[in-house]
file target03.tsv (TSV, C-alpha atoms and all ligand atoms)
chain	number	residue	atom	x	y	z
X	9	MET	CA	41.96	-104.93	-30.73
X	10	GLU	CA	41.51	-101.36	-31.86
X	11	ARG	CA	41.53	-98.84	-29.04
X	12	ILE	CA	38.23	-97.12	-28.27
X	13	GLN	CA	39.00	-93.48	-27.78
X	14	ALA	CA	37.08	-91.23	-25.43
X	15	ASN	CA	35.94	-89.23	-28.44
X	16	ARG	CA	36.18	-89.66	-32.22
X	17	LEU	CA	35.70	-86.42	-34.12
X	18	ASP	CA	36.54	-88.07	-37.45
X	19	ARG	CA	33.38	-90.19	-37.21
X	20	GLY	CA	31.28	-87.04	-37.02
X	21	PHE	CA	32.98	-85.71	-40.14
X	22	PHE	CA	32.63	-88.85	-42.25
X	23	LYS	CA	28.92	-89.08	-41.39
X	24	TYR	CA	28.25	-86.08	-43.64
X	25	GLN	CA	31.54	-85.92	-45.53
X	26	ASN	CA	30.10	-84.88	-48.89
X	27	GLU	CA	28.03	-82.06	-47.45
X	28	PHE	CA	30.97	-80.71	-45.45
X	29	GLU	CA	33.38	-80.88	-48.37
X	30	GLU	CA	30.94	-79.25	-50.75
X	31	LYS	CA	30.28	-76.39	-48.34
X	32	ALA	CA	33.97	-75.81	-47.61
X	33	LEU	CA	34.72	-75.59	-51.33
X	34	HIS	CA	31.77	-73.32	-51.87
X	35	VAL	CA	33.06	-70.86	-49.25
X	36	LEU	CA	36.65	-71.08	-50.49
X	37	ARG	CA	35.52	-70.26	-54.01
X	38	SER	CA	33.20	-67.44	-52.90
X	39	GLY	CA	36.00	-65.00	-52.08
X	40	TRP	CA	34.26	-63.89	-48.83
X	41	TYR	CA	35.71	-65.33	-45.62
X	42	VAL	CA	34.69	-63.37	-42.53
X	43	LEU	CA	31.22	-62.11	-41.49
X	44	GLY	CA	29.33	-62.82	-44.68
X	45	ASN	CA	26.24	-64.64	-45.81
X	46	GLU	CA	27.07	-67.97	-44.15
X	47	VAL	CA	27.40	-66.27	-40.76
X	48	LYS	CA	24.19	-64.34	-41.31
X	49	MET	CA	22.31	-67.50	-42.30
X	50	PHE	CA	23.77	-69.50	-39.43
X	51	GLU	CA	22.80	-66.79	-36.94
X	52	GLU	CA	19.22	-66.84	-38.21
X	53	GLU	CA	19.02	-70.62	-38.20
X	54	TYR	CA	20.60	-70.98	-34.78
X	55	ALA	CA	18.30	-68.38	-33.22
X	56	ALA	CA	15.35	-70.30	-34.66
X	57	TYR	CA	16.78	-73.61	-33.39
X	58	VAL	CA	16.96	-72.46	-29.77
X	59	GLY	CA	13.88	-70.26	-29.99
X	60	ALA	CA	15.55	-66.90	-29.39
X	61	LYS	CA	15.06	-63.69	-31.32
X	62	TYR	CA	18.73	-63.01	-31.99
X	63	CYS	CA	21.98	-64.89	-32.39
X	64	VAL	CA	25.40	-63.26	-32.77
X	65	GLY	CA	28.33	-65.40	-33.85
X	66	VAL	CA	31.65	-64.87	-32.08
X	67	GLY	CA	35.10	-66.43	-32.08
X	68	ASN	CA	34.67	-69.05	-29.34
X	69	GLY	CA	32.75	-69.93	-26.19
X	70	LEU	CA	35.00	-68.04	-23.80
X	71	ASP	CA	34.51	-64.87	-25.83
X	72	ALA	CA	30.76	-65.40	-25.77
X	73	LEU	CA	30.95	-65.53	-21.96
X	74	TRP	CA	33.20	-62.57	-21.22
X	75	MET	CA	31.54	-60.44	-23.88
X	76	ALA	CA	28.15	-61.25	-22.35
X	77	PHE	CA	29.22	-59.91	-18.97
X	78	ARG	CA	30.86	-56.91	-20.63
X	79	VAL	CA	27.69	-56.01	-22.50
X	80	LEU	CA	25.70	-56.37	-19.27
X	81	GLY	CA	28.10	-53.99	-17.55
X	82	ILE	CA	29.23	-56.50	-14.93
X	83	GLY	CA	32.82	-56.05	-13.79
X	84	LYS	CA	35.02	-54.85	-10.93
X	85	GLY	CA	33.32	-54.98	-7.54
X	86	ASP	CA	30.50	-57.17	-8.80
X	87	GLU	CA	29.84	-60.77	-7.81
X	88	VAL	CA	28.53	-63.54	-10.03
X	89	LEU	CA	27.22	-66.84	-8.64
X	90	VAL	CA	28.45	-69.90	-10.53
X	91	GLN	CA	28.73	-73.59	-9.74
X	92	GLY	CA	32.06	-74.76	-8.36
X	93	ASN	CA	32.37	-77.85	-10.57
X	94	THR	CA	32.57	-76.25	-13.97
X	95	TYR	CA	35.05	-75.89	-16.77
X	96	ILE	CA	37.51	-73.09	-16.08
X	97	ALA	CA	36.21	-71.02	-19.02
X	98	SER	CA	32.93	-70.33	-17.19
X	99	VAL	CA	34.93	-68.70	-14.40
X	100	MET	CA	37.27	-66.85	-16.76
X	101	GLY	CA	34.25	-65.34	-18.48
X	102	ILE	CA	33.47	-63.72	-15.14
X	103	THR	CA	36.97	-62.74	-14.04
X	104	MET	CA	38.13	-61.36	-17.39
X	105	ASN	CA	35.84	-58.41	-16.68
X	106	GLY	CA	37.21	-58.03	-13.15
X	107	ALA	CA	34.11	-59.48	-11.47
X	108	THR	CA	34.36	-62.03	-8.66
X	109	PRO	CA	33.01	-65.58	-8.98
X	110	ILE	CA	31.11	-66.87	-5.95
X	111	PHE	CA	31.16	-70.64	-6.09
X	112	ILE	CA	28.06	-72.71	-5.34
X	113	GLU	CA	28.11	-76.45	-4.70
X	114	PRO	CA	26.47	-78.78	-7.27
X	115	ASN	CA	23.57	-81.19	-6.80
X	116	GLN	CA	23.45	-84.88	-7.71
X	117	TYR	CA	22.92	-83.94	-11.36
X	118	PHE	CA	26.29	-82.12	-11.44
X	119	ASN	CA	24.42	-78.82	-11.91
X	120	ILE	CA	24.17	-75.83	-9.59
X	121	ASP	CA	22.30	-76.64	-6.36
X	122	THR	CA	19.50	-74.10	-6.50
X	123	THR	CA	18.78	-74.50	-2.78
X	124	LYS	CA	22.20	-73.03	-2.01
X	125	LEU	CA	21.97	-69.91	-4.14
X	126	GLU	CA	19.93	-67.47	-2.07
X	127	GLU	CA	22.20	-67.59	0.99
X	128	LYS	CA	25.10	-66.35	-1.18
X	129	ILE	CA	23.31	-63.30	-2.58
X	130	THR	CA	24.72	-59.99	-1.28
X	131	GLU	CA	24.32	-56.39	-2.40
X	132	LYS	CA	27.32	-57.01	-4.69
X	133	THR	CA	25.64	-59.91	-6.51
X	134	LYS	CA	24.80	-58.88	-10.06
X	135	ALA	CA	24.20	-62.13	-11.91
X	136	ILE	CA	23.93	-65.89	-11.88
X	137	LEU	CA	25.91	-67.85	-14.46
X	138	VAL	CA	24.20	-71.20	-14.97
X	139	VAL	CA	26.25	-73.99	-16.55
X	140	HIS	CA	24.25	-76.86	-18.01
X	141	LEU	CA	27.10	-79.21	-17.29
X	142	TYR	CA	27.75	-82.31	-19.41
X	143	GLY	CA	24.61	-81.51	-21.44
X	144	GLN	CA	21.86	-81.69	-18.84
X	145	ALA	CA	19.64	-78.63	-18.38
X	146	SER	CA	19.69	-77.03	-14.92
X	147	LYS	CA	16.62	-76.41	-12.78
X	148	MET	CA	15.70	-73.18	-14.52
X	149	ASP	CA	12.36	-72.43	-12.87
X	150	ASP	CA	14.05	-71.98	-9.47
X	151	ILE	CA	16.88	-69.95	-10.95
X	152	ALA	CA	14.70	-67.66	-13.05
X	153	ALA	CA	12.46	-66.99	-10.03
X	154	LEU	CA	15.45	-66.13	-7.88
X	155	CYS	CA	16.85	-63.75	-10.50
X	156	LYS	CA	13.52	-62.01	-10.71
X	157	LYS	CA	13.16	-61.76	-6.93
X	158	HIS	CA	16.62	-60.26	-6.45
X	159	ASN	CA	16.82	-58.34	-9.70
X	160	LEU	CA	19.81	-60.32	-10.97
X	161	ARG	CA	20.98	-60.85	-14.52
X	162	LEU	CA	20.85	-64.41	-15.79
X	163	VAL	CA	23.53	-65.73	-18.14
X	164	GLU	CA	23.62	-69.34	-19.32
X	165	ASP	CA	26.79	-71.21	-20.25
X	166	CYS	CA	25.39	-73.57	-22.89
X	167	ALA	CA	28.75	-74.71	-24.25
X	168	GLN	CA	27.74	-78.30	-23.42
X	169	SER	CA	23.95	-78.12	-23.79
X	170	HIS	CA	23.01	-77.34	-27.41
X	171	GLY	CA	19.33	-78.16	-27.68
X	172	ALA	CA	18.89	-79.48	-24.13
X	173	THR	CA	15.61	-78.36	-22.59
X	174	TYR	CA	14.02	-77.66	-19.22
X	175	GLN	CA	10.24	-77.91	-19.23
X	176	ASP	CA	10.38	-77.93	-23.04
X	177	GLN	CA	12.26	-74.63	-23.26
X	178	VAL	CA	15.70	-74.72	-24.87
X	179	THR	CA	18.67	-73.79	-22.71
X	180	GLY	CA	20.09	-70.39	-23.54
X	181	THR	CA	16.70	-68.68	-23.68
X	182	PHE	CA	15.83	-68.46	-19.98
X	183	GLY	CA	17.71	-65.31	-19.13
X	184	ASP	CA	19.43	-62.29	-20.64
X	185	ILE	CA	22.07	-64.09	-22.67
X	186	GLY	CA	22.83	-67.69	-23.65
X	187	CYS	CA	26.49	-68.41	-24.47
X	188	PHE	CA	27.50	-71.21	-26.82
X	189	SER	CA	30.76	-72.79	-27.88
X	190	PHE	CA	31.16	-74.66	-31.15
X	191	TYR	CA	34.56	-76.08	-30.28
X	192	PRO	CA	34.93	-79.30	-32.35
X	193	SER	CA	34.12	-81.70	-29.49
X	194	LYS	CA	30.88	-79.94	-28.50
X	195	ASN	CA	27.55	-81.46	-29.54
X	196	ILE	CA	27.25	-78.92	-32.33
X	197	GLY	CA	30.89	-78.55	-33.28
X	198	ALA	CA	32.81	-76.59	-35.88
X	199	PHE	CA	36.11	-77.63	-37.49
X	200	GLY	CA	38.00	-75.04	-35.52
X	201	ASP	CA	36.94	-72.49	-32.95
X	202	GLY	CA	33.53	-70.87	-32.93
X	203	GLY	CA	30.92	-69.50	-30.55
X	204	ALA	CA	27.73	-67.47	-30.32
X	205	ILE	CA	25.40	-65.70	-27.97
X	206	VAL	CA	21.62	-65.81	-28.19
X	207	THR	CA	19.26	-63.26	-26.69
X	208	ASN	CA	15.75	-61.86	-26.99
X	209	ASP	CA	16.98	-58.34	-26.29
X	210	GLU	CA	17.56	-56.26	-29.41
X	211	GLN	CA	19.95	-53.88	-27.65
X	212	ILE	CA	22.10	-56.70	-26.28
X	213	ALA	CA	22.34	-58.24	-29.76
X	214	ALA	CA	23.29	-54.87	-31.27
X	215	ASP	CA	25.91	-54.20	-28.55
X	216	MET	CA	27.39	-57.65	-29.11
X	217	ARG	CA	27.72	-57.06	-32.86
X	218	VAL	CA	29.56	-53.81	-32.19
X	219	LEU	CA	31.78	-55.35	-29.50
X	220	ARG	CA	32.84	-58.33	-31.64
X	221	ASN	CA	34.02	-56.12	-34.48
X	222	TYR	CA	36.42	-53.59	-32.90
X	223	GLY	CA	33.56	-51.58	-31.46
X	224	SER	CA	32.42	-50.39	-34.83
X	225	GLU	CA	28.93	-50.40	-36.25
X	226	LYS	CA	30.08	-48.57	-39.33
X	227	ARG	CA	33.48	-49.50	-40.67
X	228	TYR	CA	36.33	-47.35	-39.25
X	229	TYR	CA	33.99	-45.49	-36.87
X	230	ASN	CA	34.66	-46.91	-33.42
X	231	LYS	CA	32.06	-46.20	-30.77
X	232	ILE	CA	33.72	-48.24	-28.05
X	233	ILE	CA	36.98	-50.13	-27.59
X	234	GLY	CA	35.85	-53.49	-28.82
X	235	THR	CA	37.56	-56.74	-29.65
X	236	ASN	CA	38.04	-59.01	-32.62
X	237	SER	CA	35.86	-62.05	-32.10
X	238	ARG	CA	34.14	-62.99	-35.32
X	239	LEU	CA	32.80	-66.28	-36.55
X	240	ASP	CA	34.30	-66.97	-39.95
X	241	GLU	CA	32.46	-68.06	-43.05
X	242	ILE	CA	33.84	-71.59	-43.36
X	243	GLN	CA	33.00	-72.43	-39.75
X	244	ALA	CA	29.53	-70.89	-40.05
X	245	GLY	CA	28.88	-72.79	-43.27
X	246	LEU	CA	29.99	-76.09	-41.77
X	247	LEU	CA	27.99	-75.39	-38.62
X	248	ARG	CA	24.87	-74.94	-40.75
X	249	ILE	CA	25.30	-78.53	-41.90
X	250	ARG	CA	25.74	-79.77	-38.34
X	251	LEU	CA	22.66	-77.79	-37.35
X	252	ALA	CA	20.60	-79.30	-40.16
X	253	HIS	CA	21.40	-82.72	-38.64
X	254	ALA	CA	21.23	-81.60	-35.01
X	255	ASP	CA	18.15	-83.64	-34.12
X	256	GLU	CA	19.52	-86.88	-35.47
X	257	LEU	CA	22.93	-86.26	-33.89
X	258	MET	CA	21.28	-85.63	-30.52
X	259	GLN	CA	19.06	-88.67	-30.90
X	260	GLU	CA	22.03	-90.89	-31.66
X	261	LYS	CA	23.85	-89.87	-28.48
X	262	GLN	CA	20.70	-90.28	-26.42
X	263	THR	CA	20.27	-93.78	-27.81
X	264	ILE	CA	23.81	-94.70	-26.79
X	265	ALA	CA	23.17	-93.18	-23.35
X	266	ALA	CA	19.94	-95.16	-22.98
X	267	ARG	CA	21.87	-98.34	-23.66
X	268	TYR	CA	24.56	-97.43	-21.14
X	269	LEU	CA	21.92	-96.63	-18.52
X	270	GLU	CA	20.12	-99.89	-19.20
X	271	GLU	CA	23.09	-102.23	-19.42
X	272	ILE	CA	25.77	-100.92	-17.08
X	273	HIS	CA	25.23	-102.68	-13.79
X	274	ASN	CA	28.03	-102.40	-11.31
X	275	PRO	CA	27.54	-101.47	-7.66
X	276	LEU	CA	30.90	-99.66	-7.78
X	277	ILE	CA	29.72	-97.32	-10.54
X	278	GLY	CA	27.19	-94.50	-10.28
X	279	LEU	CA	25.31	-93.59	-13.45
X	280	PRO	CA	24.07	-90.13	-14.45
X	281	GLN	CA	20.71	-89.11	-12.98
X	282	ILE	CA	18.20	-86.93	-14.76
X	283	GLN	CA	16.46	-84.00	-13.09
X	284	LYS	CA	12.67	-83.99	-13.45
X	285	GLY	CA	11.71	-81.68	-16.31
X	286	ALA	CA	15.22	-81.64	-17.80
X	287	THR	CA	16.64	-83.31	-20.87
X	288	HIS	CA	20.25	-84.43	-21.24
X	289	ILE	CA	22.06	-84.31	-24.57
X	290	TYR	CA	25.12	-86.21	-23.29
X	291	HIS	CA	27.90	-83.92	-24.35
X	292	GLN	CA	29.62	-86.21	-21.88
X	293	PHE	CA	28.42	-89.41	-20.27
X	294	VAL	CA	29.84	-89.06	-16.79
X	295	ILE	CA	29.95	-91.89	-14.29
X	296	ARG	CA	31.07	-91.79	-10.67
X	297	CYS	CA	33.33	-94.20	-8.87
X	298	GLU	CA	35.11	-93.95	-5.53
X	299	ARG	CA	37.93	-95.99	-7.08
X	300	ARG	CA	37.97	-93.69	-10.11
X	301	ASP	CA	41.73	-93.64	-10.77
X	302	GLU	CA	41.90	-97.41	-10.55
X	303	LEU	CA	38.90	-97.70	-12.88
X	304	GLN	CA	40.49	-95.36	-15.40
X	305	GLN	CA	43.69	-97.41	-15.40
X	306	TYR	CA	41.74	-100.64	-15.73
X	307	LEU	CA	39.82	-99.29	-18.76
X	308	ASP	CA	43.04	-98.01	-20.28
X	309	GLN	CA	44.50	-101.53	-20.09
X	310	LYS	CA	41.40	-102.76	-21.86
X	311	GLU	CA	42.07	-100.21	-24.62
X	312	ILE	CA	39.22	-97.94	-23.61
X	313	GLY	CA	39.98	-94.24	-23.36
X	314	THR	CA	38.33	-91.99	-20.77
X	315	ILE	CA	38.68	-88.36	-19.66
X	316	ILE	CA	38.21	-86.65	-16.30
X	317	HIS	CA	35.98	-83.57	-16.54
X	318	TYR	CA	37.51	-81.96	-14.52
X	319	PRO	CA	40.36	-83.07	-12.26
X	320	ILE	CA	40.95	-79.66	-10.61
X	321	PRO	CA	37.97	-77.47	-9.73
X	322	PRO	CA	38.42	-73.77	-10.60
X	323	HIS	CA	38.69	-72.70	-6.94
X	324	MET	CA	41.76	-74.94	-6.65
X	325	ALA	CA	43.35	-73.85	-9.95
X	326	GLU	CA	46.75	-72.23	-9.57
X	327	GLY	CA	45.59	-69.19	-11.51
X	328	TYR	CA	42.73	-68.61	-9.08
X	329	GLN	CA	44.70	-68.79	-5.84
X	330	TYR	CA	44.18	-65.02	-5.53
X	331	LEU	CA	40.54	-65.73	-4.71
X	332	GLY	CA	41.79	-67.19	-1.45
X	333	HIS	CA	40.03	-70.55	-1.47
X	334	HIS	CA	41.46	-73.71	0.07
X	335	GLU	CA	41.00	-77.42	-0.23
X	336	GLY	CA	37.91	-78.38	1.76
X	337	ASP	CA	36.04	-75.13	1.04
X	338	PHE	CA	33.72	-76.86	-1.43
X	339	PRO	CA	33.63	-80.55	-0.43
X	340	ILE	CA	30.91	-81.62	-2.90
X	341	THR	CA	32.71	-79.95	-5.80
X	342	GLU	CA	35.98	-81.54	-4.70
X	343	CYS	CA	34.34	-84.96	-4.37
X	344	CYS	CA	33.11	-84.66	-7.98
X	345	ALA	CA	36.66	-83.91	-9.11
X	346	ARG	CA	37.86	-87.10	-7.38
X	347	GLU	CA	35.09	-89.41	-8.60
X	348	VAL	CA	33.89	-88.39	-12.08
X	349	LEU	CA	34.91	-90.17	-15.26
X	350	SER	CA	33.67	-89.55	-18.80
X	351	ILE	CA	33.37	-92.76	-20.80
X	352	PRO	CA	33.38	-92.98	-24.62
X	353	MET	CA	30.35	-91.20	-26.12
X	354	TYR	CA	30.38	-89.86	-29.64
X	355	ASN	CA	28.37	-89.75	-32.83
X	356	GLY	CA	29.27	-92.69	-35.02
X	357	MET	CA	30.11	-94.98	-32.08
X	358	THR	CA	29.43	-98.56	-33.17
X	359	ASP	CA	27.31	-101.13	-31.29
X	360	GLU	CA	30.43	-103.27	-30.81
X	361	GLU	CA	32.29	-100.36	-29.25
X	362	GLN	CA	29.39	-99.70	-26.90
X	363	THR	CA	29.29	-103.38	-25.96
X	364	ARG	CA	32.99	-103.42	-25.16
X	365	VAL	CA	32.63	-100.40	-22.89
X	366	ILE	CA	29.59	-101.89	-21.11
X	367	GLU	CA	31.21	-105.30	-20.61
X	368	ALA	CA	34.44	-103.79	-19.31
X	369	LEU	CA	32.57	-101.60	-16.83
X	370	ASN	CA	30.42	-104.49	-15.64
X	371	ALA	CA	33.50	-106.63	-15.04
X	372	PHE	CA	35.36	-103.97	-13.03
X	373	GLY	CA	36.05	-105.06	-9.47
X	374	GLN	CA	34.47	-108.50	-9.97
X	375	LYS	CA	36.29	-111.52	-8.59
X	376	GLN	CA	37.05	-113.18	-11.94
X	377	GLU	CA	38.79	-109.99	-13.04
X	378	ASP	CA	41.00	-109.94	-9.98
X	379	ILE	CA	42.18	-113.49	-10.71
X	380	SER	CA	42.78	-113.13	-14.45
O	1	LIG	C1	34.02	-75.56	-23.95
O	1	LIG	C2	33.44	-74.77	-22.85
O	1	LIG	C3	33.62	-73.36	-22.78
O	1	LIG	C4	34.54	-72.61	-23.66
O	1	LIG	O1	34.34	-72.73	-25.01
O	1	LIG	P1	35.58	-72.47	-26.02
O	1	LIG	O2	34.92	-72.40	-27.33
O	1	LIG	O3	36.53	-73.59	-25.86
O	1	LIG	O4	36.19	-71.16	-25.64
O	1	LIG	C5	32.97	-72.69	-21.77
O	1	LIG	N1	32.21	-73.32	-20.86
O	1	LIG	C6	32.04	-74.64	-20.89
O	1	LIG	C7	31.16	-75.28	-19.85
O	1	LIG	C8	32.66	-75.41	-21.86
O	1	LIG	O5	32.50	-76.74	-21.86

call {"tool": "encode", "arguments": {"input": "target03.tsv", "output": "structure tokens"}}
result
Amino acid sequence: MERIQANRLDRGFFKYQNEFEEKALHVLRSGWYVLGNEVKMFEEEYAAYVGAKYCVGVGNGLDALWMAFRVLGIGKGDEVLVQGNTYIASVMGITMNGATPIFIEPNQYFNIDTTKLEEKITEKTKAILVVHLYGQASKMDDIAALCKKHNLRLVEDCAQSHGATYQDQVTGTFGDIGCFSFYPSKNIGAFGDGGAIVTNDEQIAADMRVLRNYGSEKRYYNKIIGTNSRLDEIQAGLLRIRLAHADELMQEKQTIAARYLEEIHNPLIGLPQIQKGATHIYHQFVIRCERRDELQQYLDQKEIGTIIHYPIPPHMAEGYQYLGHHEGDFPITECCAREVLSIPMYNGMTDEEQTRVIEALNAFGQKQEDIS
């Protein structure tokens, strides 16, 4: 029996193989490889896709995040509120500028618990970084209202939420800057690293363009000390193809998710819940189980791959010990880290593969299984 992997990036390639190959050849033959027409076109198309005025392509999602805070002037001495159960890059985006992350516990949707934000706001608080984790939009009406009330900047980490909406508005457009990653496994993925920011603010877009290219607007005239974080032409060209198929790719994952939600019945397993007003694009389909490690081993024996997103929350990461947090400081975050498991979910997943995953999950912990 062929193993079902947690993710299959090759399936996503073969779905549109001819288009990808044609575009790659086109760029190779064009003689222009960095910041050219493909990037310009992708930026325009991506801005239109999310409904923002501007999009600026950068090297990867982490760059999008730290450059966002840099452009907003948030750094040493400043605090940024962020959920505790996120990927480490969200936190690095904050700390790379010298700012301090203030962790907030998540709600049952794995997103930031908006009822716990206000109590953490101090005179040092400069921004909220919202992470639409696993692909589900956060409760943006609460968050936007809070930012307005306390005059805070709002940055969205949309690395997992391309096209997900809250009250019909696309994530990335609620605040000052939306940050995207196009890492190959993301819902809109490149064939290498890639990222972008979106914004409605002309100045922010202009500052980002200068920052990504050594701080120069005009070649060899450097206004600020910038960085090198540019989206290259091949990635932008290939991303344009992904973007052209974005709706059908999203629909396919949502159809698989609907089947999982309908057919997985096991009292030992908790299924994802959807916040009212939010959509979920299922970057990951994350289940919960108190016997998570046992479940993961069991699935592995049945030739089903899974991943834990994420086993160590950022406040417990070795690199962040200087923040002074300890085990037990964020019990809900830590409980997520113990219980979550991402099951196979990818474009091009066959019905048979889905059936095998469903049947294995439904049989976990049942008596017949214990005997066999
Ligand atoms: C992937 C990811 C990032 C970082 O993106 P890269 O392109 O890998 O740098 C940031 N935040 C979240 C939530 C992510 O999932």

call {"tool": "residues_near_ligand", "arguments": {"input": "target03.tsv", "ligand": "ligand LIG 1 (chain O)", "cutoff": "8 Å", "atoms": "all atoms listed in the file", "output": "PyMOL selection string"}}
result
chain X and resi 67-73+94-98+139-142+165-168+188-191+194+201-203

call {"tool": "axis_aligned_box", "arguments": {"input": "target03.tsv", "around": "stretch 357-361 of chain X", "padding_each_side": "3 Å", "output": "JSON"}}
result
{"center_x": 29.8, "center_y": -99.1, "center_z": -31.2, "size_x": 11.0, "size_y": 14.3, "size_z": 9.9}

call {"tool": "closest_residue", "arguments": {"input": "target03.tsv", "among": "X:Arg11, X:Lys284, X:Lys48, X:Arg296", "to": "X:Arg217", "atoms": "all atoms listed in the file"}}
result
X:Lys48

call {"tool": "closest_residue", "arguments": {"input": "target03.tsv", "among": "X:His323, X:Lys128, X:Arg220, X:Lys31", "to": "X:Arg250", "atoms": "only C-alpha atoms"}}
result
X:Lys31

call {"tool": "closest_residue", "arguments": {"input": "target03.tsv", "among": "X:Gly183, X:Gly106, X:Pro352, X:Gly85", "to": "X:Ile312", "atoms": "all atoms listed in the file"}}
result
X:Pro352

call {"tool": "atom_distance", "arguments": {"input": "target03.tsv", "atom1": "atom CA of X:Val348", "atom2": "atom CA of X:Gly180"}}
result
25.4 Å

call {"tool": "residues_near_point", "arguments": {"input": "target03.tsv", "point": "(25.9, -68.3, -43.4)", "cutoff": "8 Å", "atoms": "all atoms listed in the file", "output": "CSV table (one decimal) with C-alpha atoms, in the coordinates of the input"}}
result
chain,number,residue,atom,x,y,z
X,44,GLY,CA,29.3,-62.8,-44.7
X,45,ASN,CA,26.2,-64.6,-45.8
X,46,GLU,CA,27.1,-68.0,-44.2
X,47,VAL,CA,27.4,-66.3,-40.8
X,48,LYS,CA,24.2,-64.3,-41.3
X,49,MET,CA,22.3,-67.5,-42.3
X,50,PHE,CA,23.8,-69.5,-39.4
X,51,GLU,CA,22.8,-66.8,-36.9
X,241,GLU,CA,32.5,-68.1,-43.0
X,244,ALA,CA,29.5,-70.9,-40.0
X,245,GLY,CA,28.9,-72.8,-43.3
X,248,ARG,CA,24.9,-74.9,-40.8

call {"tool": "closest_residue", "arguments": {"input": "target03.tsv", "among": "X:Phe182, X:Tyr57, X:Trp74, X:Phe111", "to": "X:Pro322", "atoms": "all atoms listed in the file"}}
result
X:Phe111

call {"tool": "residues_around", "arguments": {"input": "target03.tsv", "residues": "X:Met324", "least_positions_apart": "5", "cutoff": "10 Å", "atoms": "all atoms listed in the file", "output": "compact mmCIF listing (two decimals) with C-alpha atoms, in the frame of the given file"}}
result
# COMPACT_ATOMS: atom_id res chain seq x y z
CA GLY X 92 32.06 -74.76 -8.36
CA PRO X 319 40.36 -83.07 -12.26
CA GLN X 329 44.70 -68.79 -5.84
CA LEU X 331 40.54 -65.73 -4.71
CA GLY X 332 41.79 -67.19 -1.45
CA HIS X 333 40.03 -70.55 -1.47
CA HIS X 334 41.46 -73.71 0.07
CA GLU X 335 41.00 -77.42 -0.23
CA GLY X 336 37.91 -78.38 1.76
CA ASP X 337 36.04 -75.13 1.04
CA PHE X 338 33.72 -76.86 -1.43
CA GLU X 342 35.98 -81.54 -4.70

call {"tool": "residues_around", "arguments": {"input": "target03.tsv", "residues": "X:Leu89", "least_positions_apart": "2", "cutoff": "6 Å", "atoms": "all atoms listed in the file", "output": "list in words"}}
result
Pro109, Ile110 and Ile136 of chain X
